[in-house]
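The data block below is model-v2.cif; it holds mmCIF, C-alpha atoms.
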data_structure
#
loop_
_atom_site.label_atom_id
_atom_site.label_comp_id
_atom_site.auth_asym_id
_atom_site.auth_seq_id
_atom_site.Cartn_x
_atom_site.Cartn_y
_atom_site.Cartn_z
CA MET A 1 -13.88 99.94 -28.38
CA LYS A 2 -13.73 96.54 -26.74
CA LYS A 3 -15.91 93.47 -27.11
CA ASN A 4 -17.71 94.16 -23.86
CA PHE A 5 -19.77 96.84 -25.62
CA VAL A 6 -21.70 93.98 -27.19
CA PHE A 7 -21.82 91.78 -24.09
CA ALA A 8 -23.10 94.68 -21.97
CA MET A 9 -26.21 95.16 -24.04
CA MET A 10 -26.99 91.44 -24.12
CA ALA A 11 -27.03 91.26 -20.31
CA ALA A 12 -30.17 93.45 -20.40
CA PHE A 13 -32.21 90.92 -22.39
CA ALA A 14 -35.28 89.57 -20.62
CA LEU A 15 -36.84 87.39 -23.25
CA ALA A 16 -40.13 85.96 -22.02
CA ALA A 17 -43.37 84.63 -23.42
CA CYS A 18 -45.44 84.26 -20.26
CA ASN A 19 -48.73 82.43 -20.29
CA ASN A 20 -49.23 82.44 -16.49
CA GLN A 21 -49.68 85.30 -14.04
CA SER A 22 -46.68 85.99 -11.79
CA PRO A 23 -47.33 85.31 -8.06
CA LYS A 24 -47.97 88.34 -5.92
CA MET A 25 -45.38 89.40 -3.36
CA ASP A 26 -47.77 88.94 -0.44
CA GLU A 27 -48.61 85.33 -1.26
CA LYS A 28 -47.34 82.55 0.98
CA PRO A 29 -44.17 80.63 -0.04
CA ALA A 30 -46.22 77.43 -0.40
CA ASP A 31 -48.52 79.16 -2.89
CA VAL A 32 -45.53 80.46 -4.84
CA ALA A 33 -44.03 76.97 -5.10
CA GLU A 34 -47.33 75.58 -6.25
CA THR A 35 -47.74 78.33 -8.86
CA THR A 36 -44.23 78.03 -10.31
CA SER A 37 -43.94 74.23 -10.19
CA GLY A 38 -45.86 73.82 -13.43
CA MET A 39 -44.00 76.48 -15.39
CA LYS A 40 -41.87 75.49 -18.36
CA ILE A 41 -38.65 77.52 -18.27
CA ALA A 42 -35.53 77.57 -20.45
CA TYR A 43 -32.45 79.75 -20.83
CA VAL A 44 -29.99 80.85 -23.52
CA GLU A 45 -26.27 81.38 -22.85
CA VAL A 46 -25.55 84.90 -24.08
CA ASP A 47 -21.78 84.44 -24.42
CA SER A 48 -22.26 81.39 -26.62
CA LEU A 49 -24.84 83.23 -28.69
CA MET A 50 -22.39 86.09 -29.33
CA THR A 51 -19.57 83.77 -30.39
CA GLN A 52 -21.56 81.23 -32.43
CA PHE A 53 -24.39 83.16 -34.09
CA GLU A 54 -22.96 84.12 -37.49
CA PHE A 55 -24.70 87.50 -37.64
CA ALA A 56 -23.33 88.48 -34.22
CA LYS A 57 -19.83 87.27 -35.11
CA GLU A 58 -19.74 89.17 -38.40
CA LYS A 59 -21.11 92.43 -37.03
CA SER A 60 -18.93 92.28 -33.90
CA ALA A 61 -15.83 91.81 -36.07
CA GLU A 62 -16.94 94.68 -38.29
CA LEU A 63 -17.40 97.01 -35.33
CA GLU A 64 -14.07 95.94 -33.84
CA LYS A 65 -12.33 96.81 -37.11
CA LYS A 66 -13.96 100.24 -37.26
CA SER A 67 -13.07 100.84 -33.62
CA LEU A 68 -9.44 99.90 -34.26
CA ASN A 69 -9.26 102.17 -37.31
CA ALA A 70 -10.69 105.04 -35.27
CA ARG A 71 -8.15 104.51 -32.48
CA ASN A 72 -5.29 104.38 -34.96
CA THR A 73 -6.43 107.60 -36.64
CA LEU A 74 -6.75 109.43 -33.34
CA THR A 75 -3.37 108.14 -32.14
CA GLN A 76 -1.66 109.27 -35.35
CA LYS A 77 -3.17 112.75 -35.25
CA GLY A 78 -2.49 113.01 -31.52
CA ASN A 79 1.18 112.20 -32.09
CA GLN A 80 1.37 114.80 -34.84
CA LEU A 81 -0.14 117.41 -32.55
CA GLN A 82 2.25 116.52 -29.73
CA ALA A 83 5.25 116.78 -32.06
CA ALA A 84 4.07 120.18 -33.29
CA ALA A 85 3.54 121.37 -29.73
CA ASN A 86 7.03 120.20 -28.71
CA ASN A 87 8.54 121.97 -31.70
CA PHE A 88 6.70 125.17 -30.82
CA GLN A 89 7.91 125.03 -27.22
CA GLN A 90 11.49 124.43 -28.31
CA LYS A 91 11.47 127.34 -30.76
CA LEU A 92 9.90 129.55 -28.14
CA GLN A 93 12.63 128.75 -25.62
CA ASN A 94 15.37 129.26 -28.21
CA ASN A 95 13.94 132.55 -29.52
CA GLY A 96 13.28 130.88 -32.85
CA PHE A 97 10.40 133.19 -33.78
CA THR A 98 11.09 136.44 -35.56
CA SER A 99 8.25 138.22 -33.80
CA ARG A 100 5.67 137.85 -31.10
CA GLU A 101 2.97 137.83 -33.76
CA GLN A 102 4.57 134.85 -35.47
CA ALA A 103 4.67 132.88 -32.23
CA GLU A 104 1.05 133.76 -31.47
CA GLY A 105 0.07 132.65 -34.98
CA VAL A 106 1.69 129.23 -34.51
CA GLN A 107 0.12 128.91 -31.08
CA ALA A 108 -3.32 129.69 -32.52
CA ALA A 109 -2.78 127.09 -35.24
CA LEU A 110 -1.92 124.50 -32.59
CA GLN A 111 -5.10 125.37 -30.69
CA ARG A 112 -7.17 124.92 -33.86
CA GLN A 113 -5.48 121.57 -34.47
CA GLN A 114 -6.29 120.48 -30.94
CA ASN A 115 -9.93 121.56 -31.33
CA ASP A 116 -10.16 119.68 -34.64
CA LEU A 117 -8.78 116.54 -32.99
CA ALA A 118 -11.32 116.78 -30.16
CA ALA A 119 -14.13 117.23 -32.69
CA LEU A 120 -12.89 114.25 -34.70
CA GLN A 121 -12.77 112.08 -31.58
CA ALA A 122 -16.33 113.06 -30.66
CA ARG A 123 -17.57 112.35 -34.19
CA LEU A 124 -15.92 108.93 -34.38
CA GLU A 125 -17.22 107.96 -30.93
CA ASN A 126 -20.76 109.03 -31.88
CA GLU A 127 -20.59 107.08 -35.15
CA LEU A 128 -19.42 103.94 -33.37
CA ALA A 129 -22.05 104.34 -30.65
CA SER A 130 -24.76 104.76 -33.28
CA GLU A 131 -23.64 101.69 -35.25
CA THR A 132 -23.37 99.66 -32.04
CA GLN A 133 -26.91 100.65 -31.05
CA LYS A 134 -28.23 99.65 -34.49
CA PHE A 135 -26.43 96.31 -34.20
CA ASN A 136 -27.82 95.70 -30.73
CA GLU A 137 -31.36 96.47 -31.91
CA ALA A 138 -31.00 94.24 -34.98
CA LEU A 139 -29.63 91.40 -32.84
CA ARG A 140 -32.39 91.77 -30.26
CA ASP A 141 -35.09 91.88 -32.95
CA SER A 142 -33.64 88.85 -34.72
CA LEU A 143 -33.59 86.84 -31.49
CA ASN A 144 -37.07 87.94 -30.42
CA HIS A 145 -38.61 87.13 -33.80
CA PHE A 146 -36.94 83.74 -33.86
CA LEU A 147 -38.10 82.89 -30.35
CA GLU A 148 -41.67 83.85 -31.18
CA VAL A 149 -41.73 81.21 -33.91
CA TYR A 150 -39.61 78.74 -31.94
CA ASN A 151 -41.86 78.93 -28.89
CA LYS A 152 -45.04 78.15 -30.82
CA ASP A 153 -44.04 74.49 -30.68
CA LYS A 154 -41.92 74.48 -27.52
CA LYS A 155 -44.48 76.45 -25.48
CA TYR A 156 -42.10 77.72 -22.80
CA ASP A 157 -43.62 80.00 -20.19
CA MET A 158 -40.33 81.86 -19.87
CA ILE A 159 -37.02 82.00 -21.76
CA LEU A 160 -34.21 83.67 -19.81
CA ALA A 161 -30.91 85.17 -20.94
CA LYS A 162 -28.01 83.69 -18.96
CA SER A 163 -25.02 86.02 -18.94
CA GLY A 164 -22.23 85.89 -16.36
CA ASP A 165 -23.66 85.34 -12.89
CA ASN A 166 -27.13 86.79 -13.48
CA ILE A 167 -28.44 83.23 -13.01
CA LEU A 168 -26.58 81.62 -10.10
CA MET A 169 -27.60 78.05 -10.80
CA ALA A 170 -29.65 76.29 -13.47
CA SER A 171 -30.01 72.72 -14.65
CA PRO A 172 -28.37 71.93 -18.01
CA LYS A 173 -31.73 70.42 -18.96
CA LEU A 174 -33.07 73.96 -19.24
CA ASP A 175 -30.32 75.04 -21.64
CA ILE A 176 -31.67 75.57 -25.18
CA THR A 177 -28.68 77.61 -26.40
CA LYS A 178 -27.48 75.13 -29.02
CA ASP A 179 -30.98 74.66 -30.40
CA VAL A 180 -31.52 78.44 -30.65
CA ILE A 181 -28.11 79.10 -32.24
CA ASN A 182 -28.64 76.38 -34.84
CA GLY A 183 -32.05 77.82 -35.67
CA LEU A 184 -30.76 81.39 -35.87
CA ASN A 185 -27.86 80.42 -38.12
CA LYS A 186 -30.12 78.41 -40.42
CA ARG A 187 -32.49 81.34 -40.80
CA TYR A 188 -29.62 83.82 -41.21
CA LYS A 189 -27.94 81.77 -43.96
CA LYS A 190 -31.26 81.38 -45.74
CA GLY A 191 -31.83 85.14 -45.59
CA ALA A 192 -28.28 85.85 -46.79
CA SER A 193 -28.71 83.48 -49.73
CA SER A 194 -32.01 85.10 -50.70
CA ALA A 195 -30.47 88.57 -50.52
CA SER A 196 -27.49 87.44 -52.61
CA GLY A 197 -29.78 85.93 -55.26
CA LYS A 198 -31.90 89.06 -55.38
CA LYS A 199 -28.80 91.22 -55.83
CA ALA A 200 -27.58 88.98 -58.65
CA ASP A 201 -30.95 89.27 -60.42
CA GLU A 202 -30.87 93.06 -60.08
CA THR A 203 -27.35 93.14 -61.56
CA LYS A 204 -28.48 91.07 -64.57
CA THR A 205 -31.45 93.36 -65.08
CA ASP A 206 -29.24 96.45 -64.98
CA LYS A 207 -26.94 95.00 -67.65
CA LYS A 208 -29.81 94.45 -70.10
#
Let me see the structure of the file written as structure tokens.
Amino acid sequence: MKKNFVFAMMAAFALAACNNQSPKMDEKPADVAETTSGMKIAYVEVDSLMTQFEFAKEKSAELEKKSLNARNTLTQKGNQLQAAANNFQQKLQNNGFTSREQAEGVQAALQRQQNDLAALQARLENELASETQKFNEALRDSLNHFLEVYNKDKKYDMILAKSGDNILMASPKLDITKDVINGLNKRYKKGASSASGKKADETKTDKK
């Protein structure tokens, strides 16, 4: 599994706290300009968020490691199956089996091995997909909750997610990425410290 599995989900973010009504499609361009001119808009660079937010970095690395382990396991078992299949074919061509029943027994064992490998691949893929979905949801919730608090003071009408070319052009003045990342990391470290302290207290209590 590659890193784009994380980037793909982030491209779908549409983080907005809108205080004004959106202009209707049948309004005149002049009315649209007048309506939007007073809006306070900002954006967050998704790629920077994924590479600088500690939670995203840690979980992405964790998922990458699990993905690599899964690929290695499947490759190893696939090579073993291929070697067994080659050996079977060679013995079959050289009349290496004492009976037809023996050959059919080996062939059936190979089929079971192939079925087991396919089942293992499906299970590993489902596990990774499930963990990736949980990570995506946790990341989205963390960002949304932070922005709710953050925007109480900033009072933006809209906060956009900038990923790739989904925003063709935007002024750097609208970029709040660094501010958001710093805030997210500060809150994440505080939460991690609290969790660590709680775990230490529970360990002391258990030892008593």
Can you list, as a PyMOL selection string, the residues that the PyMOL selection byres ((chain A and resi 81-84) around 10) selects here? chain A and resi 75-80+85-90+106-107+109-111+113-114+117
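Taking atom CA of A:Lys173 as the reference point, atom CA of A:Lys155 is found at 15.5 Å.
The space between atom CA of A:Glu125 and atom CA of A:Ser67 spans 8.7 Å.
Across the model, the gap from atom CA of A:Gln133 to atom CA of A:Ala161 is 18.9 Å.
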Excluding same-chain residues fewer than 5 positions from A:Ala138, what lies within 12 Å of it counting all atoms listed in the file, as a tab-separated table (two decimals) with C-alpha atoms, in the coordinates of the input?
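Result file follows (out-v5.tsv):
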chain	number	residue	atom	x	y	z
A	9	MET	CA	-26.21	95.16	-24.04
A	10	MET	CA	-26.99	91.44	-24.12
A	55	PHE	CA	-24.70	87.50	-37.64
A	56	ALA	CA	-23.33	88.48	-34.22
A	59	LYS	CA	-21.11	92.43	-37.03
A	131	GLU	CA	-23.64	101.69	-35.25
A	132	THR	CA	-23.37	99.66	-32.04
A	133	GLN	CA	-26.91	100.65	-31.05
A	143	LEU	CA	-33.59	86.84	-31.49
A	144	ASN	CA	-37.07	87.94	-30.42
A	145	HIS	CA	-38.61	87.13	-33.80
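When all atoms listed in the file are used to measure the gap to A:Arg123, the shortest distance among A:Ala103, A:Ile181, A:Ala70, A:Asp175 belongs to A:Ala70.
For the residues A:Arg71, A:Thr51, A:Val149, A:Ile167, ranking by smallest atom-to-atom distance to A:Gly183 using all atoms listed in the file places A:Val149 first.
Closest approach to A:Lys154 from the set A:Met169, A:Ile176, A:Leu139, A:Ala118 is made by A:Ile176, with distances taken over all atoms listed in the file.
Counting all atoms listed in the file, the residue from A:Glu137, A:Glu127, A:Asp165, A:Glu148 that sits nearest to A:Lys66 is A:Glu127.
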Once all heavy atoms are restored for stretch 151-162 of chain A, what would the output be as a short mmCIF file (atom, residue, chain, number, x, y, z; two decimals), in the coordinates of the input?
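Okay, part.cif is ready:
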data_model
loop_
_atom_site.label_atom_id
_atom_site.label_comp_id
_atom_site.auth_asym_id
_atom_site.auth_seq_id
_atom_site.Cartn_x
_atom_site.Cartn_y
_atom_site.Cartn_z
N ASN A 151 -41.08 79.25 -30.08
CA ASN A 151 -41.86 78.93 -28.89
C ASN A 151 -43.30 78.50 -29.20
O ASN A 151 -44.01 78.06 -28.31
CB ASN A 151 -41.88 80.12 -27.92
CG ASN A 151 -42.11 79.69 -26.49
OD1 ASN A 151 -41.56 78.68 -26.05
ND2 ASN A 151 -42.91 80.45 -25.76
N LYS A 152 -43.70 78.61 -30.46
CA LYS A 152 -45.04 78.15 -30.82
C LYS A 152 -45.15 76.63 -30.63
O LYS A 152 -46.21 76.12 -30.25
CB LYS A 152 -45.35 78.51 -32.27
CG LYS A 152 -45.62 79.99 -32.48
CD LYS A 152 -45.94 80.29 -33.94
CE LYS A 152 -46.22 81.78 -34.13
NZ LYS A 152 -46.51 82.11 -35.55
N ASP A 153 -44.06 75.94 -30.89
CA ASP A 153 -44.04 74.49 -30.68
C ASP A 153 -43.55 74.12 -29.29
O ASP A 153 -44.08 73.21 -28.65
CB ASP A 153 -43.15 73.82 -31.73
CG ASP A 153 -43.72 73.94 -33.14
OD1 ASP A 153 -44.97 73.99 -33.26
OD2 ASP A 153 -42.94 74.00 -34.10
N LYS A 154 -42.52 74.83 -28.82
CA LYS A 154 -41.92 74.48 -27.52
C LYS A 154 -42.82 74.86 -26.34
O LYS A 154 -42.82 74.18 -25.32
CB LYS A 154 -40.56 75.17 -27.37
CG LYS A 154 -39.57 74.80 -28.47
CD LYS A 154 -39.26 73.32 -28.48
CE LYS A 154 -38.22 72.98 -29.55
NZ LYS A 154 -37.90 71.54 -29.55
N LYS A 155 -43.53 75.98 -26.50
CA LYS A 155 -44.48 76.45 -25.48
C LYS A 155 -43.84 76.65 -24.11
O LYS A 155 -44.33 76.17 -23.08
CB LYS A 155 -45.66 75.49 -25.38
CG LYS A 155 -46.44 75.36 -26.68
CD LYS A 155 -47.69 74.54 -26.51
CE LYS A 155 -48.42 74.35 -27.84
NZ LYS A 155 -48.75 75.63 -28.49
N TYR A 156 -42.70 77.35 -24.08
CA TYR A 156 -42.10 77.72 -22.80
C TYR A 156 -42.87 78.88 -22.19
O TYR A 156 -43.34 79.78 -22.90
CB TYR A 156 -40.64 78.13 -22.99
CG TYR A 156 -39.72 76.96 -23.32
CD1 TYR A 156 -39.20 76.82 -24.60
CD2 TYR A 156 -39.37 76.04 -22.35
CE1 TYR A 156 -38.35 75.76 -24.91
CE2 TYR A 156 -38.53 74.98 -22.64
CZ TYR A 156 -38.02 74.84 -23.93
OH TYR A 156 -37.20 73.80 -24.22
N ASP A 157 -43.01 78.87 -20.89
CA ASP A 157 -43.62 80.00 -20.19
C ASP A 157 -42.63 81.16 -20.07
O ASP A 157 -43.03 82.32 -20.00
CB ASP A 157 -44.08 79.57 -18.80
CG ASP A 157 -45.18 78.53 -18.85
OD1 ASP A 157 -46.28 78.87 -19.32
OD2 ASP A 157 -44.94 77.37 -18.46
N MET A 158 -41.35 80.82 -20.03
CA MET A 158 -40.33 81.86 -19.87
C MET A 158 -39.01 81.39 -20.47
O MET A 158 -38.61 80.24 -20.27
CB MET A 158 -40.14 82.22 -18.40
CG MET A 158 -39.20 83.38 -18.14
SD MET A 158 -39.14 83.82 -16.38
CE MET A 158 -40.82 84.39 -16.11
N ILE A 159 -38.35 82.28 -21.23
CA ILE A 159 -37.02 82.00 -21.76
C ILE A 159 -36.09 83.10 -21.25
O ILE A 159 -36.28 84.28 -21.54
CB ILE A 159 -37.00 81.98 -23.30
CG1 ILE A 159 -37.96 80.90 -23.81
CG2 ILE A 159 -35.60 81.73 -23.82
CD1 ILE A 159 -38.08 80.85 -25.33
N LEU A 160 -35.11 82.71 -20.47
CA LEU A 160 -34.21 83.67 -19.81
C LEU A 160 -32.90 83.80 -20.57
O LEU A 160 -32.48 82.90 -21.29
CB LEU A 160 -33.91 83.21 -18.38
CG LEU A 160 -35.12 82.98 -17.48
CD1 LEU A 160 -34.67 82.38 -16.15
CD2 LEU A 160 -35.89 84.27 -17.26
N ALA A 161 -32.25 84.94 -20.40
CA ALA A 161 -30.91 85.17 -20.94
C ALA A 161 -29.90 84.95 -19.82
O ALA A 161 -29.92 85.65 -18.81
CB ALA A 161 -30.79 86.58 -21.50
N LYS A 162 -29.02 83.98 -19.97
CA LYS A 162 -28.01 83.69 -18.96
C LYS A 162 -26.68 84.31 -19.38
O LYS A 162 -26.07 83.91 -20.37
CB LYS A 162 -27.83 82.18 -18.78
CG LYS A 162 -26.89 81.79 -17.64
CD LYS A 162 -26.85 80.27 -17.48
CE LYS A 162 -26.04 79.87 -16.24
NZ LYS A 162 -24.62 80.26 -16.36
#
